[in-house]
$ cat run_5.cif   # mmCIF, C-alpha atoms
data_start
loop_
_atom_site.label_atom_id
_atom_site.label_comp_id
_atom_site.auth_asym_id
_atom_site.auth_seq_id
_atom_site.Cartn_x
_atom_site.Cartn_y
_atom_site.Cartn_z
CA MET A 288 -150.60 -158.59 88.09
CA GLY A 289 -149.76 -161.35 85.71
CA LEU A 290 -147.01 -163.39 84.24
CA LEU A 291 -144.32 -161.77 82.17
CA THR A 292 -145.17 -161.38 78.54
CA PRO A 293 -142.71 -161.43 75.66
CA ASN A 294 -140.83 -158.15 75.34
CA ASP A 295 -141.28 -157.20 79.02
CA ILE A 296 -137.55 -157.68 79.55
CA LYS A 297 -135.72 -155.42 77.16
CA ASN A 298 -132.44 -154.95 79.06
CA PHE A 299 -130.64 -155.69 82.31
CA GLN A 300 -132.44 -152.87 84.14
CA SER A 301 -135.85 -154.25 83.17
CA LEU A 302 -134.73 -157.75 84.21
CA TYR A 303 -133.83 -156.31 87.62
CA THR A 304 -137.15 -154.50 87.89
CA GLN A 305 -139.09 -157.63 86.97
CA GLN A 306 -137.17 -159.59 89.61
CA LEU A 307 -138.19 -157.01 92.21
CA ARG A 308 -141.81 -157.24 91.16
CA TYR A 309 -141.70 -161.04 91.40
CA LEU A 310 -140.16 -160.67 94.86
CA LEU A 311 -142.98 -158.35 95.85
CA SER A 312 -145.47 -160.99 94.75
CA THR A 313 -143.49 -163.60 96.67
CA GLU A 314 -143.54 -161.58 99.87
CA ASN A 315 -147.24 -160.70 99.55
CA GLN A 316 -148.09 -164.38 99.09
CA ILE A 317 -145.85 -165.37 102.00
CA VAL A 318 -147.71 -163.01 104.32
CA LYS A 319 -150.87 -165.02 103.67
CA GLY A 320 -149.05 -168.35 103.83
CA LEU A 321 -147.42 -167.53 107.16
CA GLN A 322 -150.78 -166.56 108.65
CA SER A 323 -152.03 -170.04 107.81
CA MET A 324 -148.85 -171.71 109.10
CA ILE A 325 -149.16 -169.85 112.41
CA LYS A 326 -152.76 -171.01 112.74
CA HIS A 327 -151.99 -174.65 111.87
CA SER A 328 -148.71 -175.29 113.71
CA SER A 329 -148.86 -176.93 117.11
CA ASP A 330 -145.27 -176.39 118.28
CA GLU A 331 -145.02 -173.13 120.24
CA GLN A 332 -141.44 -172.39 119.18
CA LEU A 333 -142.38 -172.96 115.54
CA ARG A 334 -145.46 -170.76 115.86
CA GLN A 335 -143.30 -167.99 117.37
CA ALA A 336 -140.74 -168.35 114.55
CA PHE A 337 -143.50 -168.05 111.95
CA GLN A 338 -144.97 -165.02 113.78
CA SER A 339 -141.58 -163.32 113.91
CA HIS A 340 -140.95 -164.00 110.24
CA LEU A 341 -144.40 -162.68 109.37
CA GLN A 342 -143.43 -159.35 110.93
CA GLU A 343 -140.14 -159.38 108.98
CA THR A 344 -141.98 -160.25 105.78
CA GLU A 345 -144.24 -157.24 106.17
CA VAL A 346 -141.07 -155.10 106.38
CA HIS A 347 -139.75 -156.85 103.26
CA VAL A 348 -142.90 -155.81 101.39
CA THR A 349 -142.35 -152.19 102.42
CA ARG A 350 -138.68 -152.30 101.39
CA LEU A 351 -139.53 -153.70 97.99
CA GLN A 352 -142.23 -151.11 97.45
CA GLN A 353 -139.69 -148.41 98.31
CA ILE A 354 -137.08 -149.82 95.93
CA ILE A 355 -139.55 -150.19 93.06
CA ALA A 356 -140.83 -146.65 93.63
CA GLU A 357 -137.22 -145.35 93.48
CA LEU A 358 -136.97 -146.90 90.03
CA ASN A 359 -140.02 -144.89 88.98
CA ASP A 360 -141.76 -148.12 88.11
CA LYS A 361 -145.29 -149.24 88.94
CA VAL A 362 -145.33 -150.47 92.52
CA ASP A 363 -147.22 -153.62 91.77
CA ASP A 364 -146.20 -157.20 91.72
CA LYS A 365 -145.89 -159.83 89.04
CA LYS A 366 -147.63 -163.01 90.12
CA ASP A 367 -144.96 -165.56 90.85
CA PRO A 368 -146.21 -169.05 89.93
CA ILE A 369 -143.33 -170.77 91.72
CA ILE A 370 -144.14 -169.32 95.11
CA THR A 371 -147.82 -170.01 94.48
CA ALA A 372 -146.97 -173.69 94.04
CA LEU A 373 -144.73 -173.78 97.10
CA ILE A 374 -147.38 -172.20 99.31
CA GLY A 375 -149.92 -174.59 97.83
CA SER A 376 -147.77 -177.50 99.00
CA GLY A 377 -148.05 -176.09 102.53
CA GLU A 378 -151.82 -175.95 102.18
CA ASN A 379 -151.73 -179.61 101.09
CA ILE A 380 -149.73 -180.52 104.21
CA VAL A 381 -152.42 -178.89 106.36
CA SER A 382 -155.32 -180.58 104.57
CA GLU A 383 -153.66 -184.00 104.40
CA SER A 384 -152.36 -184.30 107.97
CA ASP A 385 -153.61 -184.12 111.51
CA GLU A 386 -152.48 -181.43 113.90
CA GLY A 387 -149.24 -182.35 115.63
CA PRO A 388 -145.55 -182.91 115.09
CA VAL A 389 -145.87 -184.61 111.69
CA ARG A 390 -147.77 -181.61 110.32
CA ASP A 391 -145.24 -179.28 111.94
CA ALA A 392 -142.37 -181.14 110.25
CA GLY A 393 -144.14 -180.79 106.90
CA LEU A 394 -144.77 -177.08 107.46
CA ILE A 395 -141.10 -176.54 108.30
CA ALA A 396 -140.04 -178.31 105.10
CA THR A 397 -142.42 -176.13 103.09
CA ALA A 398 -141.23 -172.96 104.80
CA GLN A 399 -137.61 -173.87 104.11
CA LYS A 400 -138.36 -174.44 100.42
CA VAL A 401 -139.80 -170.93 100.37
CA GLU A 402 -136.77 -169.52 102.23
CA HIS A 403 -134.34 -171.14 99.80
CA TYR A 404 -136.24 -169.71 96.85
CA GLU A 405 -136.17 -166.28 98.46
CA ILE A 406 -132.46 -166.56 99.25
CA ALA A 407 -131.68 -167.31 95.60
CA SER A 408 -133.97 -164.53 94.37
CA TYR A 409 -132.70 -161.88 96.76
CA GLY A 410 -129.09 -162.85 96.08
CA SER A 411 -129.59 -162.30 92.35
CA ALA A 412 -131.45 -159.02 92.87
CA ARG A 413 -128.74 -157.75 95.20
CA ASP A 414 -126.01 -158.62 92.70
CA TRP A 415 -127.92 -156.95 89.88
CA ALA A 416 -128.44 -153.80 91.96
CA ARG A 417 -124.68 -153.66 92.58
CA ILE A 418 -123.92 -154.05 88.88
CA LEU A 419 -126.42 -151.30 88.06
CA GLY A 420 -124.71 -149.00 90.56
CA LEU A 421 -127.71 -148.96 92.90
CA SER A 422 -125.73 -149.37 96.12
CA ASN A 423 -128.51 -148.24 98.47
CA GLN A 424 -130.90 -150.76 96.92
CA ALA A 425 -128.23 -153.45 97.06
CA SER A 426 -127.79 -152.70 100.77
CA LEU A 427 -131.54 -153.01 101.42
CA LEU A 428 -131.68 -156.26 99.46
CA GLN A 429 -128.68 -157.60 101.41
CA LYS A 430 -130.46 -156.78 104.68
CA THR A 431 -133.48 -158.78 103.56
CA LEU A 432 -131.23 -161.59 102.33
CA ASP A 433 -129.58 -161.76 105.76
CA GLU A 434 -133.01 -161.94 107.42
CA GLU A 435 -134.08 -164.75 105.08
CA LYS A 436 -130.91 -166.71 105.88
CA HIS A 437 -131.54 -166.22 109.60
CA ALA A 438 -135.12 -167.48 109.23
CA ASP A 439 -133.85 -170.55 107.39
CA ALA A 440 -131.24 -171.25 110.09
CA LEU A 441 -133.89 -170.94 112.81
CA LEU A 442 -136.17 -173.35 110.96
CA THR A 443 -133.28 -175.81 110.66
CA THR A 444 -132.74 -175.67 114.42
CA ILE A 445 -136.43 -176.20 115.13
CA SER A 446 -136.65 -179.02 112.58
CA GLN A 447 -133.90 -181.02 114.27
CA ARG A 448 -136.14 -181.43 117.30
CA THR A 449 -139.47 -181.50 115.47
CA ASN A 450 -138.46 -184.14 112.93
CA THR A 451 -137.39 -186.53 115.68
CA THR A 452 -140.57 -185.87 117.62
CA ALA A 453 -142.65 -186.47 114.47
CA ALA A 454 -140.91 -189.76 113.75
CA VAL A 455 -141.43 -191.01 117.32
CA ALA A 456 -145.03 -189.78 117.48
CA SER A 457 -145.98 -191.50 114.24
CA GLY A 458 -144.13 -194.73 114.94
CA GLN A 459 -141.65 -194.12 112.12
#

$ encode --input "run_5.cif" --output "structure tokens"
Amino acid sequence: MGLLTPNDIKNFQSLYTQQLRYLLSTENQIVKGLQSMIKHSSDEQLRQAFQSHLQETEVHVTRLQQIIAELNDKVDDKKDPIITALIGSGENIVSESDEGPVRDAGLIATAQKVEHYEIASYGSARDWARILGLSNQASLLQKTLDEEKHADALLTTISQRTNTTAAVASGQ
């Protein structure tokens, strides 16, 4: 694991492979982040959404490992500093807030930042797989992309209620 070094990306294929390895790092880090979010959320619907997405994320890890193995590349990840920072912001929400709707609203915002990052990353990887003629991989990446979009939409629905509850509960 580690950041990319100069000369790691020699062509479009290696760019694609590096993107997949970053995505693997992203998903592995999200598994840990979701476990914490489940533990620290107080809203039952939110906790269930995080639990469901944790199970999906574990499938995403397996899919990525399969795709990377098909490319005959090392099935390891490249540490993604962006996702590390995003998950760290969720840890800050937990440490800087009391349990309740305000914390839940902050956790939702953090989770949606992560989802948006994943949506952009999977969209690029899917497009690159198509260009490279890797239609089966593109299909798998599209499936994950659809699941990420669904998770984001569910979080938006939950946030509409939670944000109002948080504002009322905190007096603002």

$ closest_residue --input "run_5.cif" --among "A:Ala453, A:Leu302, A:Leu351, A:Leu341" --to "Ala425 in chain A" --atoms "all atoms listed in the file"
A:Leu351

$ axis_aligned_box --input "run_5.cif" --around "range 390-407 of chain A" --padding-each-side "6 Å" --output "JSON"
{"center_x": -139.7, "center_y": -173.9, "center_z": 103.8, "size_x": 28.1, "size_y": 27.3, "size_z": 28.3}

$ closest_atom_pairs --input "run_5.cif" --of "range 363-416 of chain A" --to "range 321-335 of chain A" --cutoff "10 Å" --atoms "all atoms listed in the file" --output "CSV"
residue,atom,partner,partner_atom,distance
A:Ile374,CA,A:Leu321,CA,9.1
A:Gly377,CA,A:Met324,CA,7.9
A:Glu378,CA,A:Ser323,CA,8.2
A:Ile380,CA,A:His327,CA,9.9
A:Val381,CA,A:His327,CA,7.0
A:Ser382,CA,A:His327,CA,10.0
A:Asp385,CA,A:His327,CA,9.6
A:Glu386,CA,A:Ser329,CA,6.6
A:Gly387,CA,A:Ser329,CA,5.6
A:Pro388,CA,A:Ser329,CA,7.1
A:Val389,CA,A:Ser329,CA,9.9
A:Arg390,CA,A:Ser328,CA,7.2
A:Asp391,CA,A:Ser328,CA,5.6
A:Ala392,CA,A:Ser328,CA,9.3
A:Gly393,CA,A:Ser328,CA,9.9
A:Leu394,CA,A:Met324,CA,6.9
A:Ile395,CA,A:Leu333,CA,8.2
A:Thr397,CA,A:Met324,CA,9.8
A:Ala398,CA,A:Leu321,CA,8.6

$ closest_residue --input "run_5.cif" --among "A:Glu314, A:Asp439, A:Glu405, A:Asp414" --to "Asp363 in chain A" --atoms "all atoms listed in the file"
A:Glu314

$ residues_around --input "run_5.cif" --residues "range 417-424 of chain A" --least-positions-apart "2" --cutoff "12 Å" --atoms "only C-alpha atoms" --output "ChimeraX atom specification"
/A:298-304,307,350-358,409-415,426-431

$ resolve_selection --input "run_5.cif" --expression "the PyMOL selection byres ((chain A and resi 312) around 6)" --output "PyMOL selection string"
chain A and resi 309-311+313-315+364-366

$ closest_residue --input "run_5.cif" --among "A:Thr349, A:Asn359, A:Thr344, A:Thr371" --to "Glu435 in chain A" --atoms "only C-alpha atoms"
A:Thr344

$ closest_residue --input "run_5.cif" --among "A:Ala454, A:Ile406, A:Val401, A:Leu442" --to "Ile369 in chain A" --atoms "only C-alpha atoms"
A:Val401

$ atom_distance --input "run_5.cif" --atom1 "CA of Gln306 in chain A" --atom2 "CA of Ala416 in chain A"
10.7 Å

$ atom_distance --input "run_5.cif" --atom1 "CA of Ser339 in chain A" --atom2 "CA of Glu402 in chain A"
14.1 Å

$ atom_distance --input "run_5.cif" --atom1 "CA of Arg448 in chain A" --atom2 "CA of His347 in chain A"
28.5 Å

$ closest_residue --input "run_5.cif" --among "A:Ala396, A:Ile296, A:Val346, A:Val318" --to "Thr443 in chain A" --atoms "all atoms listed in the file"
A:Ala396

$ closest_residue --input "run_5.cif" --among "A:Gln305, A:Gly320, A:Lys297, A:His340" --to "Asn379 in chain A" --atoms "only C-alpha atoms"
A:Gly320

$ build_atoms --input "run_5.cif" --residues "range 390-426 of chain A" --atoms "N, CA and C atoms" --output "short mmCIF file (atom, residue, chain, number, x, y, z; two decimals), keeping the file's coordinate frame"
data_model
loop_
_atom_site.label_atom_id
_atom_site.label_comp_id
_atom_site.auth_asym_id
_atom_site.auth_seq_id
_atom_site.Cartn_x
_atom_site.Cartn_y
_atom_site.Cartn_z
N ARG A 390 -147.37 -182.80 111.08
CA ARG A 390 -147.77 -181.61 110.32
C ARG A 390 -146.72 -180.51 110.48
N ASP A 391 -146.25 -180.31 111.70
CA ASP A 391 -145.24 -179.28 111.94
C ASP A 391 -143.98 -179.54 111.11
N ALA A 392 -143.55 -180.79 111.05
CA ALA A 392 -142.37 -181.14 110.25
C ALA A 392 -142.61 -180.82 108.78
N GLY A 393 -143.80 -181.10 108.29
CA GLY A 393 -144.14 -180.79 106.90
C GLY A 393 -144.19 -179.29 106.65
N LEU A 394 -144.72 -178.54 107.60
CA LEU A 394 -144.77 -177.08 107.46
C LEU A 394 -143.36 -176.48 107.46
N ILE A 395 -142.49 -177.02 108.29
CA ILE A 395 -141.10 -176.54 108.30
C ILE A 395 -140.45 -176.80 106.94
N ALA A 396 -140.65 -177.98 106.40
CA ALA A 396 -140.04 -178.31 105.10
C ALA A 396 -140.56 -177.34 104.03
N THR A 397 -141.85 -177.07 104.05
CA THR A 397 -142.42 -176.13 103.09
C THR A 397 -141.84 -174.74 103.28
N ALA A 398 -141.77 -174.29 104.52
CA ALA A 398 -141.23 -172.96 104.80
C ALA A 398 -139.78 -172.86 104.36
N GLN A 399 -139.01 -173.93 104.53
CA GLN A 399 -137.61 -173.87 104.11
C GLN A 399 -137.47 -173.86 102.58
N LYS A 400 -138.36 -174.53 101.89
CA LYS A 400 -138.36 -174.44 100.42
C LYS A 400 -138.57 -172.99 100.00
N VAL A 401 -139.51 -172.33 100.66
CA VAL A 401 -139.80 -170.93 100.37
C VAL A 401 -138.57 -170.07 100.69
N GLU A 402 -137.96 -170.30 101.85
CA GLU A 402 -136.77 -169.52 102.23
C GLU A 402 -135.65 -169.69 101.22
N HIS A 403 -135.42 -170.89 100.76
CA HIS A 403 -134.34 -171.14 99.80
C HIS A 403 -134.62 -170.43 98.47
N TYR A 404 -135.86 -170.43 98.07
CA TYR A 404 -136.24 -169.71 96.85
C TYR A 404 -136.00 -168.21 97.03
N GLU A 405 -136.38 -167.70 98.18
CA GLU A 405 -136.17 -166.28 98.46
C GLU A 405 -134.68 -165.94 98.52
N ILE A 406 -133.90 -166.80 99.15
CA ILE A 406 -132.46 -166.56 99.25
C ILE A 406 -131.84 -166.45 97.86
N ALA A 407 -132.21 -167.36 96.97
CA ALA A 407 -131.68 -167.31 95.60
C ALA A 407 -132.16 -166.04 94.89
N SER A 408 -133.41 -165.70 95.06
CA SER A 408 -133.97 -164.53 94.37
C SER A 408 -133.38 -163.23 94.88
N TYR A 409 -133.27 -163.10 96.19
CA TYR A 409 -132.70 -161.88 96.76
C TYR A 409 -131.21 -161.77 96.45
N GLY A 410 -130.51 -162.89 96.43
CA GLY A 410 -129.09 -162.85 96.08
C GLY A 410 -128.88 -162.33 94.67
N SER A 411 -129.68 -162.79 93.74
CA SER A 411 -129.59 -162.30 92.35
C SER A 411 -129.94 -160.82 92.28
N ALA A 412 -131.03 -160.43 92.91
CA ALA A 412 -131.45 -159.02 92.87
C ALA A 412 -130.38 -158.12 93.48
N ARG A 413 -129.80 -158.54 94.57
CA ARG A 413 -128.74 -157.75 95.20
C ARG A 413 -127.55 -157.58 94.27
N ASP A 414 -127.13 -158.69 93.64
CA ASP A 414 -126.01 -158.62 92.70
C ASP A 414 -126.32 -157.71 91.52
N TRP A 415 -127.54 -157.78 91.01
CA TRP A 415 -127.92 -156.95 89.88
C TRP A 415 -127.95 -155.48 90.27
N ALA A 416 -128.43 -155.20 91.49
CA ALA A 416 -128.44 -153.80 91.96
C ALA A 416 -127.00 -153.26 92.04
N ARG A 417 -126.09 -154.09 92.51
CA ARG A 417 -124.68 -153.66 92.58
C ARG A 417 -124.14 -153.35 91.19
N ILE A 418 -124.41 -154.23 90.25
CA ILE A 418 -123.92 -154.05 88.88
C ILE A 418 -124.51 -152.78 88.27
N LEU A 419 -125.75 -152.48 88.59
CA LEU A 419 -126.42 -151.30 88.06
C LEU A 419 -126.02 -150.02 88.81
N GLY A 420 -125.16 -150.17 89.81
CA GLY A 420 -124.71 -149.00 90.56
C GLY A 420 -125.74 -148.48 91.56
N LEU A 421 -126.65 -149.33 91.97
CA LEU A 421 -127.71 -148.96 92.90
C LEU A 421 -127.34 -149.46 94.30
N SER A 422 -126.31 -148.86 94.88
CA SER A 422 -125.73 -149.37 96.12
C SER A 422 -126.70 -149.32 97.29
N ASN A 423 -127.54 -148.30 97.38
CA ASN A 423 -128.51 -148.24 98.47
C ASN A 423 -129.52 -149.39 98.35
N GLN A 424 -129.97 -149.65 97.12
CA GLN A 424 -130.90 -150.76 96.92
C GLN A 424 -130.22 -152.09 97.21
N ALA A 425 -128.97 -152.22 96.78
CA ALA A 425 -128.23 -153.45 97.06
C ALA A 425 -128.11 -153.68 98.57
N SER A 426 -127.90 -152.61 99.31
CA SER A 426 -127.79 -152.70 100.77
C SER A 426 -129.12 -153.15 101.39
#
